file coords-v7.txt (compact mmCIF, C-alpha atoms)
# COMPACT_ATOMS: atom_id res chain seq x y z
CA MET A 1 17.02 -13.19 39.48
CA ILE A 2 13.60 -13.26 37.84
CA ALA A 3 12.06 -11.93 34.64
CA ASP A 4 8.46 -11.47 33.45
CA LEU A 5 8.57 -11.97 29.70
CA HIS A 6 4.98 -11.21 28.67
CA ILE A 7 3.76 -7.66 29.27
CA HIS A 8 1.51 -5.30 27.30
CA THR A 9 1.42 -1.50 27.36
CA THR A 10 -0.86 1.26 26.11
CA PHE A 11 0.73 0.80 22.69
CA SER A 12 -1.47 -2.28 22.23
CA ASP A 13 -4.22 -3.31 24.64
CA GLY A 14 -2.56 -2.65 27.99
CA LEU A 15 -3.62 0.00 30.50
CA LEU A 16 -0.13 1.01 31.69
CA THR A 17 2.33 3.14 29.75
CA PRO A 18 5.82 1.71 29.09
CA GLU A 19 7.16 3.95 31.86
CA GLU A 20 4.53 2.72 34.32
CA VAL A 21 5.36 -0.88 33.43
CA VAL A 22 9.06 -0.34 34.18
CA ASP A 23 8.27 1.47 37.44
CA LEU A 24 5.96 -1.35 38.51
CA ALA A 25 8.54 -4.00 37.60
CA VAL A 26 11.13 -2.26 39.78
CA LYS A 27 8.60 -2.00 42.61
CA LYS A 28 7.98 -5.73 42.24
CA GLU A 29 11.77 -6.28 42.44
CA LEU A 30 12.05 -7.89 39.01
CA ASP A 31 15.42 -8.12 37.28
CA GLY A 32 14.06 -8.23 33.75
CA ILE A 33 10.92 -7.66 31.70
CA ALA A 34 9.93 -8.05 28.06
CA ILE A 35 7.62 -5.59 26.35
CA THR A 36 5.48 -7.78 24.07
CA ASP A 37 2.76 -5.57 22.65
CA HIS A 38 0.44 -7.00 20.01
CA ASP A 39 1.80 -6.47 16.48
CA THR A 40 3.81 -3.36 17.43
CA THR A 41 7.18 -2.38 18.88
CA LEU A 42 6.39 1.31 19.44
CA GLY A 43 6.56 1.11 23.24
CA ILE A 44 10.01 -0.49 23.47
CA ASP A 45 12.17 2.64 23.22
CA ARG A 46 10.20 4.38 25.95
CA ALA A 47 10.53 1.39 28.26
CA ILE A 48 14.28 1.12 27.63
CA GLU A 49 14.74 4.85 28.23
CA ARG A 50 12.79 4.63 31.50
CA SER A 51 14.89 1.67 32.66
CA LYS A 52 18.03 3.84 32.52
CA ILE A 53 17.02 5.69 35.69
CA TYR A 54 17.27 2.41 37.61
CA LYS A 55 20.32 0.24 38.32
CA ASP A 56 19.29 -3.35 37.75
CA ILE A 57 16.33 -3.76 35.40
CA GLN A 58 16.73 -5.14 31.89
CA VAL A 59 14.15 -4.44 29.18
CA ILE A 60 14.04 -7.08 26.46
CA PRO A 61 12.66 -6.01 23.07
CA GLY A 62 9.73 -8.20 22.18
CA ILE A 63 6.49 -8.49 20.25
CA GLU A 64 3.41 -10.73 20.20
CA PHE A 65 2.12 -11.51 16.73
CA SER A 66 -1.53 -12.50 16.38
CA CYS A 67 -1.76 -15.22 13.73
CA ILE A 68 -4.53 -17.31 12.23
CA TYR A 69 -4.26 -21.06 11.65
CA THR A 70 -7.41 -22.52 10.06
CA THR A 71 -10.05 -20.81 12.26
CA GLU A 72 -8.04 -20.43 15.48
CA GLU A 73 -6.06 -17.41 16.60
CA ILE A 74 -2.51 -18.34 17.61
CA HIS A 75 -0.04 -15.96 19.23
CA ILE A 76 3.70 -16.08 18.55
CA LEU A 77 6.06 -14.16 20.81
CA GLY A 78 9.35 -12.75 19.54
CA TYR A 79 12.26 -11.92 21.87
CA PHE A 80 15.57 -10.07 21.43
CA ILE A 81 14.33 -8.81 18.10
CA ASP A 82 15.98 -6.06 16.11
CA TYR A 83 12.95 -3.85 16.63
CA LYS A 84 14.35 -1.16 14.34
CA SER A 85 14.54 -3.51 11.36
CA PRO A 86 12.96 -1.79 8.30
CA ASP A 87 11.11 -5.01 7.41
CA LEU A 88 9.61 -5.24 10.88
CA ILE A 89 8.71 -1.55 10.96
CA GLN A 90 6.87 -1.86 7.63
CA LEU A 91 5.05 -5.03 8.66
CA THR A 92 3.89 -3.64 12.00
CA TYR A 93 2.78 -0.40 10.32
CA ASN A 94 0.63 -2.42 7.91
CA LEU A 95 -0.78 -4.47 10.80
CA ARG A 96 -1.74 -1.31 12.70
CA LEU A 97 -3.59 0.02 9.65
CA GLU A 98 -5.42 -3.29 9.26
CA ARG A 99 -6.32 -3.26 12.96
CA MET A 100 -7.68 0.29 12.69
CA ASN A 101 -9.77 -0.57 9.62
CA ARG A 102 -11.11 -3.64 11.36
CA GLY A 103 -12.07 -1.55 14.39
CA TYR A 104 -14.16 0.78 12.25
CA LYS A 105 -15.95 -2.18 10.66
CA ILE A 106 -16.70 -3.72 14.07
CA LEU A 107 -18.19 -0.43 15.24
CA ASP A 108 -20.35 -0.27 12.10
CA LYS A 109 -21.69 -3.74 12.91
CA LEU A 110 -22.37 -2.81 16.53
CA ASN A 111 -24.18 0.35 15.42
CA SER A 112 -26.30 -1.69 13.01
CA LEU A 113 -27.36 -3.80 16.01
CA GLY A 114 -28.56 -0.66 17.76
CA ILE A 115 -25.54 -0.47 20.06
CA ASN A 116 -24.45 3.15 20.24
CA VAL A 117 -20.66 3.11 20.56
CA THR A 118 -18.63 5.61 18.54
CA ILE A 119 -15.03 5.80 17.41
CA ASP A 120 -14.53 8.69 19.85
CA ASP A 121 -15.73 6.47 22.70
CA VAL A 122 -13.08 3.93 21.79
CA LYS A 123 -10.27 6.45 21.23
CA LYS A 124 -10.81 7.87 24.72
CA ILE A 125 -9.70 4.44 25.92
CA SER A 126 -7.18 3.37 23.30
CA GLY A 127 -5.56 6.58 22.09
CA ALA A 128 -5.77 8.08 18.63
CA ASN A 129 -3.88 5.49 16.60
CA ASN A 130 -4.72 2.20 18.25
CA ILE A 131 -8.01 0.32 18.07
CA GLY A 132 -8.37 -3.32 19.04
CA ARG A 133 -11.21 -5.52 20.20
CA PRO A 134 -10.26 -5.13 23.91
CA HIS A 135 -10.57 -1.35 23.53
CA ILE A 136 -14.01 -1.75 21.95
CA ALA A 137 -14.95 -4.15 24.75
CA ARG A 138 -13.97 -1.56 27.36
CA ALA A 139 -16.02 1.08 25.52
CA LEU A 140 -19.01 -1.28 25.62
CA ILE A 141 -18.55 -1.64 29.37
CA LYS A 142 -18.25 2.11 29.89
CA LYS A 143 -21.43 2.71 27.88
CA GLY A 144 -23.29 0.08 29.89
CA TRP A 145 -23.87 -2.45 27.13
CA VAL A 146 -21.96 -5.26 28.87
CA ASN A 147 -20.51 -5.86 32.32
CA SER A 148 -17.13 -7.36 31.43
CA ILE A 149 -14.62 -7.87 28.63
CA ASP A 150 -15.49 -11.57 28.57
CA GLU A 151 -19.18 -10.73 28.10
CA ALA A 152 -18.33 -8.31 25.26
CA PHE A 153 -16.42 -11.02 23.43
CA ASP A 154 -18.97 -13.74 24.17
CA LYS A 155 -21.88 -11.62 22.92
CA TYR A 156 -20.39 -9.59 20.08
CA LEU A 157 -16.68 -9.71 19.33
CA GLU A 158 -15.57 -13.36 19.20
CA ILE A 159 -15.47 -15.42 16.01
CA GLY A 160 -19.01 -16.22 14.90
CA LYS A 161 -20.64 -13.42 16.92
CA ALA A 162 -22.73 -10.64 15.43
CA ALA A 163 -20.06 -7.90 15.38
CA TYR A 164 -17.06 -10.06 14.56
CA VAL A 165 -14.96 -8.94 11.61
CA GLU A 166 -12.30 -11.18 10.13
CA ARG A 167 -8.89 -9.56 10.28
CA TYR A 168 -5.78 -9.64 8.15
CA LYS A 169 -4.30 -13.12 8.46
CA LEU A 170 -0.64 -13.17 9.37
CA SER A 171 0.39 -16.81 9.12
CA ILE A 172 2.36 -18.60 11.81
CA GLU A 173 5.08 -19.20 9.22
CA ASP A 174 5.28 -15.49 8.41
CA ALA A 175 5.48 -14.57 12.11
CA ILE A 176 8.29 -17.02 12.79
CA ASP A 177 10.09 -15.93 9.63
CA ILE A 178 10.05 -12.19 10.43
CA ILE A 179 11.20 -12.87 14.01
CA HIS A 180 14.12 -14.93 12.73
CA ARG A 181 14.98 -12.32 10.09
CA CYS A 182 15.08 -9.76 12.91
CA LYS A 183 17.59 -11.98 14.76
CA GLY A 184 15.05 -12.92 17.42
CA ILE A 185 13.68 -16.13 18.85
CA ALA A 186 10.10 -17.26 18.25
CA VAL A 187 7.98 -18.72 21.06
CA ILE A 188 4.47 -20.22 21.17
CA ALA A 189 2.43 -18.04 23.54
CA HIS A 190 0.13 -19.57 26.21
CA PRO A 191 -0.21 -23.02 24.58
CA GLY A 192 -2.68 -24.04 27.28
CA LEU A 193 -5.21 -21.68 25.67
CA ILE A 194 -4.86 -23.26 22.23
CA LYS A 195 -7.88 -25.45 21.50
CA ASP A 196 -6.41 -27.62 18.76
CA LYS A 197 -3.23 -29.00 20.35
CA ASN A 198 -2.04 -30.29 16.97
CA ILE A 199 -1.19 -26.66 16.17
CA ILE A 200 1.49 -26.71 18.87
CA TYR A 201 3.21 -29.67 17.20
CA TYR A 202 2.86 -27.94 13.85
CA CYS A 203 4.69 -24.88 15.25
CA ILE A 204 7.46 -27.14 16.51
CA LYS A 205 7.71 -28.81 13.11
CA ILE A 206 8.12 -25.51 11.24
CA GLY A 207 10.86 -24.16 13.47
CA VAL A 208 9.55 -22.35 16.54
CA ASP A 209 12.31 -21.90 19.13
CA GLY A 210 10.41 -22.09 22.39
CA ILE A 211 7.22 -22.57 24.40
CA GLU A 212 5.73 -20.27 27.00
CA THR A 213 5.43 -22.86 29.76
CA VAL A 214 4.59 -20.47 32.61
CA HIS A 215 1.56 -18.25 32.10
CA SER A 216 -1.06 -16.65 34.31
CA LYS A 217 -3.80 -18.84 32.81
CA HIS A 218 -1.86 -22.12 32.91
CA SER A 219 -2.67 -24.65 35.59
CA LYS A 220 0.11 -26.42 37.49
CA LYS A 221 -0.56 -29.52 35.40
CA GLU A 222 -0.27 -27.51 32.16
CA ILE A 223 3.00 -25.96 33.29
CA GLU A 224 4.39 -29.44 33.97
CA PHE A 225 3.14 -30.79 30.63
CA TYR A 226 4.56 -27.96 28.51
CA THR A 227 7.84 -28.02 30.42
CA LYS A 228 8.21 -31.71 29.56
CA LEU A 229 7.21 -31.03 25.95
CA ALA A 230 9.81 -28.26 25.66
CA ASN A 231 12.49 -30.50 27.14
CA LYS A 232 11.57 -33.34 24.79
CA HIS A 233 11.96 -31.15 21.71
CA ASN A 234 14.94 -29.17 23.06
CA LEU A 235 12.96 -25.91 23.06
CA ILE A 236 13.46 -22.79 25.16
CA LYS A 237 11.09 -22.45 28.11
CA THR A 238 9.74 -18.96 28.74
CA GLY A 239 7.19 -17.49 31.09
CA GLY A 240 5.27 -14.35 31.87
CA SER A 241 2.19 -12.85 33.41
CA ASP A 242 0.58 -11.55 30.18
CA CYS A 243 -0.09 -8.40 32.20
CA HIS A 244 -2.48 -5.91 30.61
CA GLY A 245 -2.50 -3.52 33.56
CA GLN A 246 -5.76 -4.47 35.23
CA LEU A 247 -5.92 -4.70 39.00
CA ILE A 248 -6.92 -8.22 40.03
CA ASN A 249 -7.88 -8.61 43.69
CA GLY A 250 -6.20 -5.29 44.37
CA ASP A 251 -2.87 -6.08 42.74
CA TYR A 252 -1.23 -6.33 39.34
CA VAL A 253 -0.44 -9.75 37.90
CA LEU A 254 2.90 -8.42 36.60
CA GLY A 255 5.78 -10.25 38.24
CA LYS A 256 3.74 -13.16 39.57
CA TYR A 257 4.57 -15.49 36.67
CA CYS A 258 8.26 -15.42 35.77
CA ILE A 259 11.32 -17.36 34.69
CA ASP A 260 14.82 -17.47 36.09
CA LEU A 261 17.40 -15.30 34.36
CA ASP A 262 19.56 -18.40 33.81
CA ASP A 263 16.96 -19.40 31.24
CA LEU A 264 17.17 -15.89 29.82
CA ASP A 265 20.89 -16.38 29.27
CA GLN A 266 20.09 -19.52 27.28
CA MET A 267 17.74 -17.45 25.12
CA LYS A 268 20.36 -14.80 24.54
CA GLY A 269 22.81 -17.43 23.36
CA LEU A 270 20.48 -18.40 20.53
CA ASN A 271 19.77 -14.98 19.14
call {"tool": "encode", "arguments": {"input": "coords-v7.txt", "output": "structure tokens"}}
result
Amino acid sequence: MIADLHIHTTFSDGLLTPEEVVDLAVKKELDGIAITDHDTTLGIDRAIERSKIYKDIQVIPGIEFSCIYTTEEIHILGYFIDYKSPDLIQLTYNLRLERMNRGYKILDKLNSLGINVTIDDVKKISGANNIGRPHIARALIKKGWVNSIDEAFDKYLEIGKAAYVERYKLSIEDAIDIIHRCKGIAVIAHPGLIKDKNIIYYCIKIGVDGIETVHSKHSKKEIEFYTKLANKHNLIKTGGSDCHGQLINGDYVLGKYCIDLDDLDQMKGLN
């Protein structure tokens, strides 16, 4: 009885539609998945509706908020949220507008550097109402300016690079607060990727409910460390692939990094 609790769809920076995610999860023989798109819940209803054609797959409403603490980007996952909460709908709408505006500014900077990538190039990848840095990175690849998403970020899109644009700063406190107000549980995403480890302890101090111990970019040693840390502070332990729909060595990462549904029951009891 396994669940992958960190999956993105085409409603943020994933390559698979919500329906394709559910179909793939069933093919991978998963019992549960969480749709955790960046700063939006628009894909959840479609995933839940798709799951109804199958017998034994549970779709958990989720979200991944991108926050800023000092100069570092920190991600906070929310699970079992009331994704139809008016407060959440308004917040995510505002975040989408900010993300779109930021995308236009990044493209302006790239154009000023002599890099010819247009909004239409990006929308062919992202869709009409969704522009994020990964979409711009993929457009750069398609136009031949870089060879990989990592190269796009390293050269142009990361903090301090020539085309970087500072985005609207949702605080960690605000992310945890809105998740709690929507009757959900708040979890620190992929702590192994956080550079300043003091931020993890800060999140614990201000009331985060859990830690994503299992993640596709965590080493075995990191999984062990964050499991012990979660146990020490009586926090929920979650896990997921952080699947964005790319094929890696001929397969999808979805379903390869999971938690047991017994842990999921513990999560449900808190929300």
call {"tool": "residues_around", "arguments": {"input": "coords-v7.txt", "residues": "Ile172 in chain A", "least_positions_apart": "2", "cutoff": "12 Å", "atoms": "all atoms listed in the file", "output": "JSON, numbers by chain"}}
result
{"A": [64, 65, 66, 67, 68, 69, 70, 72, 73, 74, 75, 76, 77, 78, 169, 170, 174, 175, 176, 177, 178, 179, 186, 187, 188, 189, 199, 200, 202, 203, 204, 205, 206, 207, 208]}
call {"tool": "write_last_selection", "arguments": {"input": "coords-v7.txt", "atoms": "C-alpha atoms", "output": "PDB file, keeping the file's coordinate frame"}}
result
ATOM      1  CA  GLU A  64       3.410 -10.730  20.200  1.00  0.00           C
ATOM      2  CA  PHE A  65       2.120 -11.510  16.730  1.00  0.00           C
ATOM      3  CA  SER A  66      -1.530 -12.500  16.380  1.00  0.00           C
ATOM      4  CA  CYS A  67      -1.760 -15.220  13.730  1.00  0.00           C
ATOM      5  CA  ILE A  68      -4.530 -17.310  12.230  1.00  0.00           C
ATOM      6  CA  TYR A  69      -4.260 -21.060  11.650  1.00  0.00           C
ATOM      7  CA  THR A  70      -7.410 -22.520  10.060  1.00  0.00           C
ATOM      8  CA  GLU A  72      -8.040 -20.430  15.480  1.00  0.00           C
ATOM      9  CA  GLU A  73      -6.060 -17.410  16.600  1.00  0.00           C
ATOM     10  CA  ILE A  74      -2.510 -18.340  17.610  1.00  0.00           C
ATOM     11  CA  HIS A  75      -0.040 -15.960  19.230  1.00  0.00           C
ATOM     12  CA  ILE A  76       3.700 -16.080  18.550  1.00  0.00           C
ATOM     13  CA  LEU A  77       6.060 -14.160  20.810  1.00  0.00           C
ATOM     14  CA  GLY A  78       9.350 -12.750  19.540  1.00  0.00           C
ATOM     15  CA  LYS A 169      -4.300 -13.120   8.460  1.00  0.00           C
ATOM     16  CA  LEU A 170      -0.640 -13.170   9.370  1.00  0.00           C
ATOM     17  CA  ASP A 174       5.280 -15.490   8.410  1.00  0.00           C
ATOM     18  CA  ALA A 175       5.480 -14.570  12.110  1.00  0.00           C
ATOM     19  CA  ILE A 176       8.290 -17.020  12.790  1.00  0.00           C
ATOM     20  CA  ASP A 177      10.090 -15.930   9.630  1.00  0.00           C
ATOM     21  CA  ILE A 178      10.050 -12.190  10.430  1.00  0.00           C
ATOM     22  CA  ILE A 179      11.200 -12.870  14.010  1.00  0.00           C
ATOM     23  CA  ALA A 186      10.100 -17.260  18.250  1.00  0.00           C
ATOM     24  CA  VAL A 187       7.980 -18.720  21.060  1.00  0.00           C
ATOM     25  CA  ILE A 188       4.470 -20.220  21.170  1.00  0.00           C
ATOM     26  CA  ALA A 189       2.430 -18.040  23.540  1.00  0.00           C
ATOM     27  CA  ILE A 199      -1.190 -26.660  16.170  1.00  0.00           C
ATOM     28  CA  ILE A 200       1.490 -26.710  18.870  1.00  0.00           C
ATOM     29  CA  TYR A 202       2.860 -27.940  13.850  1.00  0.00           C
ATOM     30  CA  CYS A 203       4.690 -24.880  15.250  1.00  0.00           C
ATOM     31  CA  ILE A 204       7.460 -27.140  16.510  1.00  0.00           C
ATOM     32  CA  LYS A 205       7.710 -28.810  13.110  1.00  0.00           C
ATOM     33  CA  ILE A 206       8.120 -25.510  11.240  1.00  0.00           C
ATOM     34  CA  GLY A 207      10.860 -24.160  13.470  1.00  0.00           C
ATOM     35  CA  VAL A 208       9.550 -22.350  16.540  1.00  0.00           C
TER      36      VAL A 208
END
call {"tool": "residues_around", "arguments": {"input": "coords-v7.txt", "residues": "range 22-39 of chain A", "least_positions_apart": "3", "cutoff": "7 Å", "atoms": "all atoms listed in the file", "output": "ChimeraX atom specification"}}
result
/A:1-9,11-12,18-19,44,47,50-51,56-66,92,95,255
call {"tool": "residues_around", "arguments": {"input": "coords-v7.txt", "residues": "Arg99 in chain A", "least_positions_apart": "2", "cutoff": "9 Å", "atoms": "all atoms listed in the file", "output": "number ranges by chain"}}
result
A: 94-97, 101-104, 130-132, 167-168
call {"tool": "closest_residue", "arguments": {"input": "coords-v7.txt", "among": "A:Leu229, A:Leu107, A:Leu193, A:Leu235", "to": "Lys217 in chain A", "atoms": "all atoms listed in the file"}}
result
A:Leu193
call {"tool": "atom_distance", "arguments": {"input": "coords-v7.txt", "atom1": "CA of Lys155 in chain A", "atom2": "CA of Arg133 in chain A"}}
result
12.6 Å
call {"tool": "closest_residue", "arguments": {"input": "coords-v7.txt", "among": "A:Ile185, A:Met100, A:Ile81, A:Leu15", "to": "Arg138 in chain A", "atoms": "all atoms listed in the file"}}
result
A:Leu15
call {"tool": "closest_residue", "arguments": {"input": "coords-v7.txt", "among": "A:Ile159, A:Ile119, A:Val146, A:Cys258", "to": "Lys105 in chain A", "atoms": "only C-alpha atoms"}}
result
A:Ile119
call {"tool": "residues_around", "arguments": {"input": "coords-v7.txt", "residues": "Ile236 in chain A", "least_positions_apart": "4", "cutoff": "7 Å", "atoms": "all atoms listed in the file", "output": "PyMOL selection string"}}
result
chain A and resi 209-211+230+267
call {"tool": "build_atoms", "arguments": {"input": "coords-v7.txt", "residues": "range 183-207 of chain A", "atoms": "N, CA, C and O atoms", "output": "PDB file, in the coordinates of the input"}}
result
ATOM      1  N   LYS A 183      16.592 -11.418  13.832  1.00  0.00           N
ATOM      2  CA  LYS A 183      17.590 -11.980  14.760  1.00  0.00           C
ATOM      3  C   LYS A 183      17.009 -12.297  16.131  1.00  0.00           C
ATOM      4  O   LYS A 183      17.717 -12.272  17.143  1.00  0.00           O
ATOM      5  N   GLY A 184      15.702 -12.598  16.160  1.00  0.00           N
ATOM      6  CA  GLY A 184      15.050 -12.920  17.420  1.00  0.00           C
ATOM      7  C   GLY A 184      14.731 -14.392  17.528  1.00  0.00           C
ATOM      8  O   GLY A 184      15.042 -15.187  16.635  1.00  0.00           O
ATOM      9  N   ILE A 185      14.132 -14.753  18.644  1.00  0.00           N
ATOM     10  CA  ILE A 185      13.680 -16.130  18.850  1.00  0.00           C
ATOM     11  C   ILE A 185      12.158 -16.142  18.941  1.00  0.00           C
ATOM     12  O   ILE A 185      11.543 -15.233  19.508  1.00  0.00           O
ATOM     13  N   ALA A 186      11.548 -17.160  18.352  1.00  0.00           N
ATOM     14  CA  ALA A 186      10.100 -17.260  18.250  1.00  0.00           C
ATOM     15  C   ALA A 186       9.566 -18.284  19.250  1.00  0.00           C
ATOM     16  O   ALA A 186      10.095 -19.397  19.355  1.00  0.00           O
ATOM     17  N   VAL A 187       8.516 -17.901  19.965  1.00  0.00           N
ATOM     18  CA  VAL A 187       7.980 -18.720  21.060  1.00  0.00           C
ATOM     19  C   VAL A 187       6.468 -18.822  20.941  1.00  0.00           C
ATOM     20  O   VAL A 187       5.780 -17.819  20.685  1.00  0.00           O
ATOM     21  N   ILE A 188       5.925 -20.022  21.146  1.00  0.00           N
ATOM     22  CA  ILE A 188       4.470 -20.220  21.170  1.00  0.00           C
ATOM     23  C   ILE A 188       3.923 -19.625  22.462  1.00  0.00           C
ATOM     24  O   ILE A 188       4.315 -20.041  23.555  1.00  0.00           O
ATOM     25  N   ALA A 189       3.017 -18.662  22.353  1.00  0.00           N
ATOM     26  CA  ALA A 189       2.430 -18.040  23.540  1.00  0.00           C
ATOM     27  C   ALA A 189       1.305 -18.913  24.109  1.00  0.00           C
ATOM     28  O   ALA A 189       0.582 -19.578  23.365  1.00  0.00           O
ATOM     29  N   HIS A 190       1.199 -18.905  25.445  1.00  0.00           N
ATOM     30  CA  HIS A 190       0.130 -19.570  26.210  1.00  0.00           C
ATOM     31  C   HIS A 190      -0.478 -20.782  25.489  1.00  0.00           C
ATOM     32  O   HIS A 190      -1.660 -20.759  25.107  1.00  0.00           O
ATOM     33  N   PRO A 191       0.310 -21.848  25.292  1.00  0.00           N
ATOM     34  CA  PRO A 191      -0.210 -23.020  24.580  1.00  0.00           C
ATOM     35  C   PRO A 191      -1.408 -23.674  25.262  1.00  0.00           C
ATOM     36  O   PRO A 191      -2.218 -24.325  24.609  1.00  0.00           O
ATOM     37  N   GLY A 192      -1.538 -23.465  26.574  1.00  0.00           N
ATOM     38  CA  GLY A 192      -2.680 -24.040  27.280  1.00  0.00           C
ATOM     39  C   GLY A 192      -4.008 -23.480  26.813  1.00  0.00           C
ATOM     40  O   GLY A 192      -5.053 -24.101  27.017  1.00  0.00           O
ATOM     41  N   LEU A 193      -3.974 -22.305  26.155  1.00  0.00           N
ATOM     42  CA  LEU A 193      -5.210 -21.680  25.670  1.00  0.00           C
ATOM     43  C   LEU A 193      -5.538 -22.097  24.237  1.00  0.00           C
ATOM     44  O   LEU A 193      -6.602 -21.740  23.729  1.00  0.00           O
ATOM     45  N   ILE A 194      -4.623 -22.817  23.601  1.00  0.00           N
ATOM     46  CA  ILE A 194      -4.860 -23.260  22.230  1.00  0.00           C
ATOM     47  C   ILE A 194      -5.805 -24.466  22.243  1.00  0.00           C
ATOM     48  O   ILE A 194      -5.561 -25.453  22.938  1.00  0.00           O
ATOM     49  N   LYS A 195      -6.870 -24.381  21.486  1.00  0.00           N
ATOM     50  CA  LYS A 195      -7.880 -25.450  21.500  1.00  0.00           C
ATOM     51  C   LYS A 195      -7.392 -26.694  20.764  1.00  0.00           C
ATOM     52  O   LYS A 195      -7.490 -27.811  21.275  1.00  0.00           O
ATOM     53  N   ASP A 196      -6.892 -26.502  19.555  1.00  0.00           N
ATOM     54  CA  ASP A 196      -6.410 -27.620  18.760  1.00  0.00           C
ATOM     55  C   ASP A 196      -4.921 -27.825  19.057  1.00  0.00           C
ATOM     56  O   ASP A 196      -4.068 -27.119  18.528  1.00  0.00           O
ATOM     57  N   LYS A 197      -4.610 -28.797  19.904  1.00  0.00           N
ATOM     58  CA  LYS A 197      -3.230 -29.000  20.350  1.00  0.00           C
ATOM     59  C   LYS A 197      -2.308 -29.450  19.213  1.00  0.00           C
ATOM     60  O   LYS A 197      -1.079 -29.328  19.339  1.00  0.00           O
ATOM     61  N   ASN A 198      -2.871 -29.917  18.121  1.00  0.00           N
ATOM     62  CA  ASN A 198      -2.040 -30.290  16.970  1.00  0.00           C
ATOM     63  C   ASN A 198      -1.280 -29.083  16.419  1.00  0.00           C
ATOM     64  O   ASN A 198      -0.211 -29.225  15.813  1.00  0.00           O
ATOM     65  N   ILE A 199      -1.840 -27.882  16.650  1.00  0.00           N
ATOM     66  CA  ILE A 199      -1.190 -26.660  16.170  1.00  0.00           C
ATOM     67  C   ILE A 199       0.153 -26.459  16.864  1.00  0.00           C
ATOM     68  O   ILE A 199       1.109 -25.968  16.263  1.00  0.00           O
ATOM     69  N   ILE A 200       0.232 -26.844  18.126  1.00  0.00           N
ATOM     70  CA  ILE A 200       1.490 -26.710  18.870  1.00  0.00           C
ATOM     71  C   ILE A 200       2.579 -27.554  18.203  1.00  0.00           C
ATOM     72  O   ILE A 200       3.708 -27.084  17.994  1.00  0.00           O
ATOM     73  N   TYR A 201       2.231 -28.783  17.842  1.00  0.00           N
ATOM     74  CA  TYR A 201       3.210 -29.670  17.200  1.00  0.00           C
ATOM     75  C   TYR A 201       3.556 -29.166  15.793  1.00  0.00           C
ATOM     76  O   TYR A 201       4.688 -29.343  15.331  1.00  0.00           O
ATOM     77  N   TYR A 202       2.594 -28.532  15.155  1.00  0.00           N
ATOM     78  CA  TYR A 202       2.860 -27.940  13.850  1.00  0.00           C
ATOM     79  C   TYR A 202       3.890 -26.812  13.988  1.00  0.00           C
ATOM     80  O   TYR A 202       4.817 -26.697  13.177  1.00  0.00           O
ATOM     81  N   CYS A 203       3.726 -25.975  15.011  1.00  0.00           N
ATOM     82  CA  CYS A 203       4.690 -24.880  15.250  1.00  0.00           C
ATOM     83  C   CYS A 203       6.091 -25.435  15.498  1.00  0.00           C
ATOM     84  O   CYS A 203       7.085 -24.874  15.007  1.00  0.00           O
ATOM     85  N   ILE A 204       6.165 -26.511  16.254  1.00  0.00           N
ATOM     86  CA  ILE A 204       7.460 -27.140  16.510  1.00  0.00           C
ATOM     87  C   ILE A 204       8.075 -27.641  15.211  1.00  0.00           C
ATOM     88  O   ILE A 204       9.273 -27.450  14.939  1.00  0.00           O
ATOM     89  N   LYS A 205       7.238 -28.243  14.382  1.00  0.00           N
ATOM     90  CA  LYS A 205       7.710 -28.810  13.110  1.00  0.00           C
ATOM     91  C   LYS A 205       8.282 -27.742  12.191  1.00  0.00           C
ATOM     92  O   LYS A 205       9.277 -27.983  11.486  1.00  0.00           O
ATOM     93  N   ILE A 206       7.687 -26.533  12.193  1.00  0.00           N
ATOM     94  CA  ILE A 206       8.120 -25.510  11.240  1.00  0.00           C
ATOM     95  C   ILE A 206       9.189 -24.579  11.810  1.00  0.00           C
ATOM     96  O   ILE A 206       9.563 -23.601  11.172  1.00  0.00           O
ATOM     97  N   GLY A 207       9.671 -24.866  13.015  1.00  0.00           N
ATOM     98  CA  GLY A 207      10.860 -24.160  13.470  1.00  0.00           C
ATOM     99  C   GLY A 207      10.713 -23.150  14.576  1.00  0.00           C
ATOM    100  O   GLY A 207      11.584 -22.290  14.745  1.00  0.00           O
TER     101      GLY A 207
END
